[in-house]
$ cat data-v1.cif   # mmCIF, C-alpha atoms
data_run
loop_
_atom_site.label_atom_id
_atom_site.label_comp_id
_atom_site.auth_asym_id
_atom_site.auth_seq_id
_atom_site.Cartn_x
_atom_site.Cartn_y
_atom_site.Cartn_z
CA MET A 8 0.00 0.00 0.00
CA PRO A 9 2.75 2.58 0.75
CA GLU A 10 4.24 1.94 -2.69
CA LEU A 11 0.86 2.48 -4.38
CA LYS A 12 0.29 5.68 -2.45
CA GLN A 13 3.77 6.95 -3.32
CA ALA A 14 3.03 6.25 -7.01
CA GLY A 15 0.01 8.57 -6.82
CA LEU A 16 -2.77 6.02 -6.47
CA THR A 17 -5.67 7.10 -4.30
CA ASP A 18 -7.98 4.11 -3.93
CA TYR A 19 -7.65 0.31 -3.91
CA ILE A 20 -10.10 -2.57 -4.24
CA CYS A 21 -9.23 -6.24 -3.68
CA ALA A 22 -11.70 -8.93 -4.76
CA PRO A 23 -11.39 -12.68 -4.03
CA THR A 24 -12.00 -15.36 -6.65
CA LEU A 25 -12.71 -19.07 -6.27
CA MET A 26 -12.11 -21.32 -9.27
CA ALA A 27 -14.04 -24.49 -10.02
CA ASN A 28 -11.12 -26.71 -8.93
CA GLY A 29 -11.01 -25.05 -5.49
CA MET A 30 -8.02 -22.79 -6.14
CA GLN A 31 -8.28 -19.33 -4.62
CA ASN A 32 -6.94 -16.13 -6.11
CA ILE A 33 -7.52 -12.37 -6.01
CA PHE A 34 -7.91 -9.43 -8.35
CA SER A 35 -6.85 -5.99 -7.27
CA PHE A 36 -7.76 -2.64 -8.81
CA ALA A 37 -6.31 0.81 -8.09
CA THR A 38 -7.04 4.31 -9.37
CA GLN A 39 -5.31 7.67 -9.53
CA ALA A 40 -8.62 9.56 -9.55
CA GLU A 41 -8.51 12.28 -6.93
CA ALA A 42 -11.73 11.14 -5.27
CA GLY A 43 -10.94 7.44 -5.62
CA PHE A 44 -13.40 4.94 -7.09
CA SER A 45 -16.86 6.36 -7.63
CA ASP A 46 -20.08 4.42 -7.13
CA VAL A 47 -20.31 4.09 -10.91
CA ASP A 48 -16.76 2.69 -11.05
CA VAL A 49 -17.57 0.11 -8.38
CA ALA A 50 -20.79 -0.84 -10.16
CA LEU A 51 -18.86 -1.33 -13.41
CA LEU A 52 -16.28 -3.54 -11.69
CA ARG A 53 -19.05 -5.60 -10.09
CA ALA A 54 -20.75 -6.02 -13.47
CA THR A 55 -17.63 -7.03 -15.37
CA PHE A 56 -15.95 -9.05 -12.63
CA PRO A 57 -17.62 -12.41 -13.47
CA ALA A 58 -16.31 -12.20 -17.06
CA ILE A 59 -12.82 -11.23 -15.84
CA GLU A 60 -12.92 -14.09 -13.34
CA ALA A 61 -13.92 -16.58 -16.04
CA CYS A 62 -11.09 -15.43 -18.34
CA GLN A 63 -8.61 -15.78 -15.50
CA GLU A 64 -9.73 -19.33 -14.80
CA ILE A 65 -9.33 -20.33 -18.47
CA LEU A 66 -5.80 -18.87 -18.62
CA VAL A 67 -4.74 -20.35 -15.28
CA MET A 68 -6.06 -23.81 -16.07
CA HIS A 69 -4.37 -23.77 -19.48
CA ARG A 70 -1.06 -22.83 -17.87
CA ILE A 71 -1.47 -25.55 -15.23
CA LEU A 72 -2.31 -28.11 -17.92
CA LYS A 73 0.81 -27.19 -19.91
CA GLU A 74 3.09 -27.37 -16.87
CA VAL A 75 1.65 -30.60 -15.50
CA THR A 76 1.76 -32.46 -18.82
CA ARG A 77 5.30 -31.20 -19.46
CA MET A 78 6.46 -32.40 -16.02
CA TYR A 79 4.87 -35.83 -16.33
CA VAL A 80 5.40 -36.79 -19.96
CA GLY A 81 8.22 -34.52 -21.22
CA GLU A 82 8.57 -31.67 -23.70
CA GLU A 83 7.79 -33.42 -26.99
CA PRO A 84 4.90 -35.61 -25.76
CA HIS A 85 3.22 -32.77 -23.86
CA GLU A 86 3.14 -30.59 -26.97
CA ARG A 87 1.63 -33.42 -28.99
CA ILE A 88 -0.96 -34.19 -26.32
CA LEU A 89 -2.07 -30.54 -26.10
CA ALA A 90 -2.25 -30.44 -29.91
CA GLY A 91 -4.76 -33.29 -29.80
CA ASP A 92 -2.39 -36.06 -30.89
CA VAL A 93 -4.01 -38.64 -28.65
CA HIS A 94 -5.11 -41.32 -31.13
CA ARG A 95 -4.16 -44.83 -30.07
CA GLY A 96 -1.65 -46.52 -32.34
CA GLU A 97 -0.06 -43.37 -33.80
CA VAL A 98 3.74 -43.49 -33.84
CA THR A 99 6.28 -40.70 -34.39
CA ARG A 100 9.95 -41.49 -35.02
CA LEU A 101 13.09 -39.40 -34.51
CA ARG A 102 16.82 -40.03 -34.58
CA SER A 103 18.66 -39.31 -31.37
CA ALA A 104 21.34 -40.32 -28.94
CA ILE A 105 19.68 -42.38 -26.22
CA LEU A 106 20.79 -42.31 -22.58
CA PHE A 107 19.59 -44.88 -20.08
CA ALA A 108 20.74 -44.48 -16.46
CA ASP A 109 20.12 -47.09 -13.80
CA MET A 110 20.81 -47.05 -10.05
CA ARG A 111 22.96 -49.98 -9.00
CA GLU A 112 21.54 -52.38 -6.40
CA PHE A 113 18.35 -50.35 -5.95
CA THR A 114 16.30 -53.30 -4.65
CA LEU A 115 18.96 -54.19 -2.08
CA LEU A 116 19.48 -50.58 -1.00
CA THR A 117 15.78 -50.00 -0.38
CA SER A 118 14.82 -53.40 1.05
CA ASP A 119 14.88 -52.11 4.63
CA LEU A 120 13.73 -48.55 3.90
CA SER A 121 10.25 -47.15 4.33
CA ALA A 122 8.39 -46.05 1.23
CA GLU A 123 9.09 -42.42 2.16
CA SER A 124 12.83 -43.02 2.58
CA ALA A 125 13.04 -45.01 -0.66
CA THR A 126 11.28 -42.19 -2.50
CA ALA A 127 13.66 -39.63 -0.99
CA LEU A 128 16.64 -41.74 -2.13
CA LEU A 129 15.22 -41.97 -5.65
CA ASN A 130 14.77 -38.21 -5.76
CA GLU A 131 18.41 -37.70 -4.71
CA TYR A 132 19.45 -40.02 -7.51
CA TYR A 133 17.29 -38.16 -10.03
CA ASP A 134 18.78 -34.87 -8.81
CA CYS A 135 22.19 -36.20 -9.88
CA VAL A 136 21.16 -37.48 -13.32
CA VAL A 137 18.36 -35.22 -14.59
CA PRO A 138 20.15 -31.83 -14.37
CA ALA A 139 23.10 -33.32 -16.24
CA VAL A 140 20.75 -34.37 -19.05
CA GLU A 141 18.90 -31.06 -19.23
CA ASN A 142 22.07 -28.93 -18.98
CA ASN A 143 23.36 -30.67 -22.11
CA GLY A 144 20.21 -30.16 -24.14
CA GLY A 145 18.66 -33.56 -23.50
CA GLU A 146 15.07 -34.46 -22.70
CA VAL A 147 14.03 -36.91 -20.00
CA LEU A 148 11.25 -39.04 -21.48
CA LYS A 149 10.57 -41.58 -18.77
CA PHE A 150 11.28 -42.52 -15.17
CA ILE A 151 11.08 -46.31 -15.11
CA GLY A 152 11.45 -47.29 -11.47
CA ASP A 153 15.09 -46.38 -10.81
CA GLY A 154 15.78 -46.01 -14.54
CA VAL A 155 16.01 -42.72 -16.42
CA LEU A 156 15.41 -42.69 -20.17
CA ALA A 157 16.54 -39.55 -22.00
CA ILE A 158 17.24 -38.51 -25.58
CA PHE A 159 19.43 -35.96 -27.34
CA ARG A 160 17.90 -35.05 -30.68
CA ALA A 161 20.23 -35.42 -33.62
CA GLY A 162 18.77 -33.28 -36.38
CA GLN A 163 21.55 -33.04 -38.96
CA GLU A 164 24.36 -33.48 -36.39
CA ASP A 165 24.50 -37.07 -35.20
CA ALA A 166 27.98 -36.75 -33.67
CA LYS A 167 27.02 -33.63 -31.73
CA ALA A 168 24.04 -35.39 -30.17
CA CYS A 169 26.27 -38.29 -29.15
CA ALA A 170 28.84 -35.91 -27.65
CA LYS A 171 26.13 -34.21 -25.59
CA ALA A 172 24.89 -37.56 -24.33
CA LEU A 173 28.41 -38.60 -23.29
CA CYS A 174 28.94 -35.27 -21.53
CA ALA A 175 25.65 -35.72 -19.66
CA ALA A 176 26.68 -39.25 -18.60
CA ARG A 177 29.99 -37.96 -17.25
CA GLN A 178 28.39 -35.07 -15.40
CA GLY A 179 25.79 -37.36 -13.87
CA ARG A 180 28.52 -39.68 -12.64
CA LEU A 181 30.43 -36.74 -11.13
CA ALA A 182 27.29 -35.58 -9.34
CA VAL A 183 26.83 -39.05 -7.83
CA ALA A 184 30.47 -39.09 -6.73
CA ASP A 185 30.13 -35.64 -5.17
CA ARG A 186 27.03 -36.75 -3.28
CA ARG A 187 28.96 -39.61 -1.65
CA LYS A 188 30.99 -37.10 0.38
CA SER A 189 28.06 -36.33 2.66
CA ALA A 190 25.29 -38.89 2.05
CA GLU A 191 24.39 -41.52 4.62
CA ILE A 192 23.15 -44.07 2.05
CA GLN A 193 25.59 -44.60 -0.79
CA PHE A 194 24.60 -45.59 -4.30
CA ASP A 195 26.23 -45.85 -7.70
CA VAL A 196 24.84 -45.44 -11.18
CA GLY A 197 25.41 -47.15 -14.50
CA VAL A 198 24.83 -45.23 -17.71
CA ALA A 199 24.34 -46.66 -21.20
CA LEU A 200 24.50 -44.69 -24.45
CA HIS A 201 23.23 -45.71 -27.86
CA PHE A 202 22.40 -43.90 -31.08
CA GLY A 203 19.35 -44.83 -33.12
CA GLU A 204 15.65 -44.25 -33.59
CA VAL A 205 13.17 -43.46 -30.84
CA ALA A 206 9.48 -44.06 -31.53
CA TYR A 207 6.78 -42.18 -29.62
CA GLY A 208 3.57 -44.15 -29.50
CA ASN A 209 0.09 -43.89 -28.00
CA ILE A 210 -0.77 -47.19 -26.37
CA GLY A 211 -3.50 -48.34 -24.03
CA SER A 212 -7.09 -49.48 -23.94
CA GLY A 213 -10.40 -47.74 -23.65
CA ALA A 214 -10.14 -44.31 -22.06
CA ARG A 215 -6.72 -45.03 -20.50
CA LEU A 216 -3.76 -44.22 -22.76
CA ASP A 217 -0.06 -43.74 -22.20
CA TYR A 218 2.35 -41.75 -24.33
CA THR A 219 5.44 -43.93 -24.27
CA VAL A 220 8.65 -44.62 -26.16
CA ILE A 221 9.24 -47.93 -27.90
CA GLY A 222 11.60 -49.59 -30.35
CA ARG A 223 14.65 -51.78 -30.67
CA ASP A 224 17.10 -48.95 -29.99
CA VAL A 225 15.39 -48.04 -26.73
CA ASN A 226 15.51 -51.70 -25.67
CA LEU A 227 19.19 -51.88 -26.58
CA ALA A 228 20.04 -48.88 -24.39
CA SER A 229 18.12 -50.43 -21.50
CA ARG A 230 19.94 -53.76 -21.86
CA LEU A 231 23.30 -51.98 -22.01
CA ALA A 232 22.50 -50.26 -18.72
CA ASP A 233 21.87 -53.67 -17.17
CA MET A 234 25.34 -54.73 -18.35
CA CYS A 235 27.05 -51.94 -16.38
CA GLY A 236 26.75 -53.93 -13.16
CA THR A 237 27.70 -57.22 -14.81
CA LEU A 238 30.87 -55.77 -16.35
CA GLY A 239 31.62 -53.42 -13.44
CA LYS A 240 31.67 -50.39 -15.74
CA ALA A 241 30.28 -46.91 -15.10
CA ILE A 242 29.48 -45.95 -18.70
CA LEU A 243 28.83 -48.37 -21.55
CA VAL A 244 28.31 -47.33 -25.17
CA SER A 245 27.17 -49.10 -28.31
CA GLU A 246 29.04 -49.50 -31.57
CA GLU A 247 26.95 -46.66 -33.04
CA ILE A 248 28.10 -44.23 -30.34
CA ARG A 249 31.70 -45.33 -30.73
CA GLN A 250 31.59 -44.70 -34.47
CA HIS A 251 30.14 -41.22 -34.05
CA LEU A 252 32.72 -40.32 -31.38
CA SER A 253 35.84 -41.64 -33.05
CA ASP A 254 38.04 -39.13 -31.17
CA GLU A 255 37.08 -40.66 -27.83
CA ALA A 256 39.00 -43.58 -26.34
CA PHE A 257 36.63 -46.48 -25.70
CA GLU A 258 37.61 -49.89 -24.37
CA ASN A 259 36.27 -52.93 -26.23
CA CYS A 260 34.43 -55.10 -23.68
CA GLY A 261 33.50 -57.79 -26.18
CA SER A 262 30.20 -58.81 -27.77
CA TYR A 263 27.24 -60.13 -25.80
CA GLU A 264 23.80 -61.53 -26.33
CA LEU A 265 21.35 -59.06 -24.84
CA LYS A 266 17.90 -60.16 -23.78
CA GLY A 267 15.31 -59.65 -26.49
CA LEU A 268 17.87 -58.71 -29.17
CA ALA A 269 19.08 -60.99 -31.95
CA GLY A 270 22.78 -61.73 -32.31
CA LYS A 271 25.72 -60.57 -30.26
CA ILE A 272 26.00 -56.83 -29.59
CA PRO A 273 29.45 -55.16 -29.39
CA VAL A 274 29.85 -53.31 -26.08
CA PHE A 275 32.37 -50.60 -25.23
CA SER A 276 33.20 -48.72 -22.06
CA GLU A 277 34.65 -45.28 -21.48
CA GLY A 278 38.38 -45.29 -20.76
#

$ encode --input "data-v1.cif" --output "structure tokens"
Amino acid sequence: MPELKQAGLTDYICAPTLMANGMQNIFSFATQAEAGFSDVDVALLRATFPAIEACQEILVMHRILKEVTRMYVGEEPHERILAGDVHRGEVTRLRSAILFADMREFTLLTSDLSAESATALLNEYYDCVVPAVENNGGEVLKFIGDGVLAIFRAGQEDAKACAKALCAARQGRLAVADRRKSAEIQFDVGVALHFGEVAYGNIGSGARLDYTVIGRDVNLASRLADMCGTLGKAILVSEEIRQHLSDEAFENCGSYELKGLAGKIPVFSEG
């Protein structure tokens, strides 16, 4: 109020609003008229307020819908959902570097924890991995238990997308290592990188649909992440990543049969 008075305003009206979902808000009006708001002014505000209130609710709910869908399904899917792309069976493909991060020994670590403590531990883990992805231009598509699935869109620069994914993997590992200095419960993370095609698809039944990512290349990245613990490696990459990042030094870990994939898959580790 002192700031308004200093700015030359002479009268102030504050009106509460209650939206259909229970959210509460206010509108405030001020005037510089010497005599303040007149009876006619107040009558006009009372007459127009329902329309103003309705417009506010539409804008607020649209903003909430955008933010909630973005948080829960990611940048690309949320835009498609809001655009009405919700037909079951539709698939959209894009080339990208795929990152799959997995917490080591999650089941063992959380076996004696309460649900609240296990959730808090997961959030600490996500706080190590997710910022590293986003800071390097990646998009987190899914949280799958203790797994994080993210992509780095290629466009016309496949190698650049792969380099960003590798940088994100390294930064995520450093964040986990830094956390160990003060955390009571210790955990490690394995990160797998692969380059290929990600397919967005609407799947489900009846009125319940899910916007998910599918395809061989997504499965390959997931299986590589599982191999991190088996091979005792922090970061594993596929042959496709190795070819795109020929300047990087990768160690050949051999070729392995990965569940659900035909033939033996060459596997490489960083360093």

$ resolve_selection --input "data-v1.cif" --expression "the PyMOL selection byres ((chain A and resi 174) around 12)" --output "PyMOL selection string"
chain A and resi 104+106+136+138-145+159+167-173+175-181+198+200+242+252+255+277

$ write_last_selection --input "data-v1.cif" --atoms "C-alpha atoms" --output "CSV table (one decimal), keeping the file's coordinate frame"
chain,number,residue,atom,x,y,z
A,104,ALA,CA,21.3,-40.3,-28.9
A,106,LEU,CA,20.8,-42.3,-22.6
A,136,VAL,CA,21.2,-37.5,-13.3
A,138,PRO,CA,20.2,-31.8,-14.4
A,139,ALA,CA,23.1,-33.3,-16.2
A,140,VAL,CA,20.8,-34.4,-19.0
A,141,GLU,CA,18.9,-31.1,-19.2
A,142,ASN,CA,22.1,-28.9,-19.0
A,143,ASN,CA,23.4,-30.7,-22.1
A,144,GLY,CA,20.2,-30.2,-24.1
A,145,GLY,CA,18.7,-33.6,-23.5
A,159,PHE,CA,19.4,-36.0,-27.3
A,167,LYS,CA,27.0,-33.6,-31.7
A,168,ALA,CA,24.0,-35.4,-30.2
A,169,CYS,CA,26.3,-38.3,-29.2
A,170,ALA,CA,28.8,-35.9,-27.6
A,171,LYS,CA,26.1,-34.2,-25.6
A,172,ALA,CA,24.9,-37.6,-24.3
A,173,LEU,CA,28.4,-38.6,-23.3
A,175,ALA,CA,25.6,-35.7,-19.7
A,176,ALA,CA,26.7,-39.2,-18.6
A,177,ARG,CA,30.0,-38.0,-17.2
A,178,GLN,CA,28.4,-35.1,-15.4
A,179,GLY,CA,25.8,-37.4,-13.9
A,180,ARG,CA,28.5,-39.7,-12.6
A,181,LEU,CA,30.4,-36.7,-11.1
A,198,VAL,CA,24.8,-45.2,-17.7
A,200,LEU,CA,24.5,-44.7,-24.4
A,242,ILE,CA,29.5,-46.0,-18.7
A,252,LEU,CA,32.7,-40.3,-31.4
A,255,GLU,CA,37.1,-40.7,-27.8
A,277,GLU,CA,34.6,-45.3,-21.5

$ closest_residue --input "data-v1.cif" --among "A:Val244, A:Ser124, A:Ala58, A:Ile151" --to "Met110 in chain A" --atoms "all atoms listed in the file"
A:Ile151

$ resolve_selection --input "data-v1.cif" --expression "the PyMOL selection byres ((chain A and resi 203) around 6)" --output "short mmCIF file (atom, residue, chain, number, x, y, z; two decimals) with C-alpha atoms, in the coordinates of the input"
data_model
loop_
_atom_site.label_atom_id
_atom_site.label_comp_id
_atom_site.auth_asym_id
_atom_site.auth_seq_id
_atom_site.Cartn_x
_atom_site.Cartn_y
_atom_site.Cartn_z
CA ARG A 102 16.82 -40.03 -34.58
CA SER A 103 18.66 -39.31 -31.37
CA PHE A 202 22.40 -43.90 -31.08
CA GLU A 204 15.65 -44.25 -33.59
CA ASP A 224 17.10 -48.95 -29.99
#

$ residues_near_point --input "data-v1.cif" --point "(-1.4, -44.3, -35.3)" --cutoff "12 Å" --atoms "only C-alpha atoms" --output "mmCIF file with C-alpha atoms, keeping the file's coordinate frame"
data_model
loop_
_atom_site.group_PDB
_atom_site.id
_atom_site.type_symbol
_atom_site.label_atom_id
_atom_site.label_comp_id
_atom_site.auth_asym_id
_atom_site.auth_seq_id
_atom_site.Cartn_x
_atom_site.Cartn_y
_atom_site.Cartn_z
ATOM 1 C CA ASP A 92 -2.390 -36.060 -30.890
ATOM 2 C CA VAL A 93 -4.010 -38.640 -28.650
ATOM 3 C CA HIS A 94 -5.110 -41.320 -31.130
ATOM 4 C CA ARG A 95 -4.160 -44.830 -30.070
ATOM 5 C CA GLY A 96 -1.650 -46.520 -32.340
ATOM 6 C CA GLU A 97 -0.060 -43.370 -33.800
ATOM 7 C CA VAL A 98 3.740 -43.490 -33.840
ATOM 8 C CA THR A 99 6.280 -40.700 -34.390
ATOM 9 C CA ARG A 100 9.950 -41.490 -35.020
ATOM 10 C CA ALA A 206 9.480 -44.060 -31.530
ATOM 11 C CA TYR A 207 6.780 -42.180 -29.620
ATOM 12 C CA GLY A 208 3.570 -44.150 -29.500
ATOM 13 C CA ASN A 209 0.090 -43.890 -28.000
ATOM 14 C CA ILE A 210 -0.770 -47.190 -26.370
ATOM 15 C CA TYR A 218 2.350 -41.750 -24.330
#

$ residues_around --input "data-v1.cif" --residues "Glu112 in chain A" --least-positions-apart "5" --cutoff "9 Å" --atoms "all atoms listed in the file" --output "PyMOL selection string"
chain A and resi 117+194-195+236
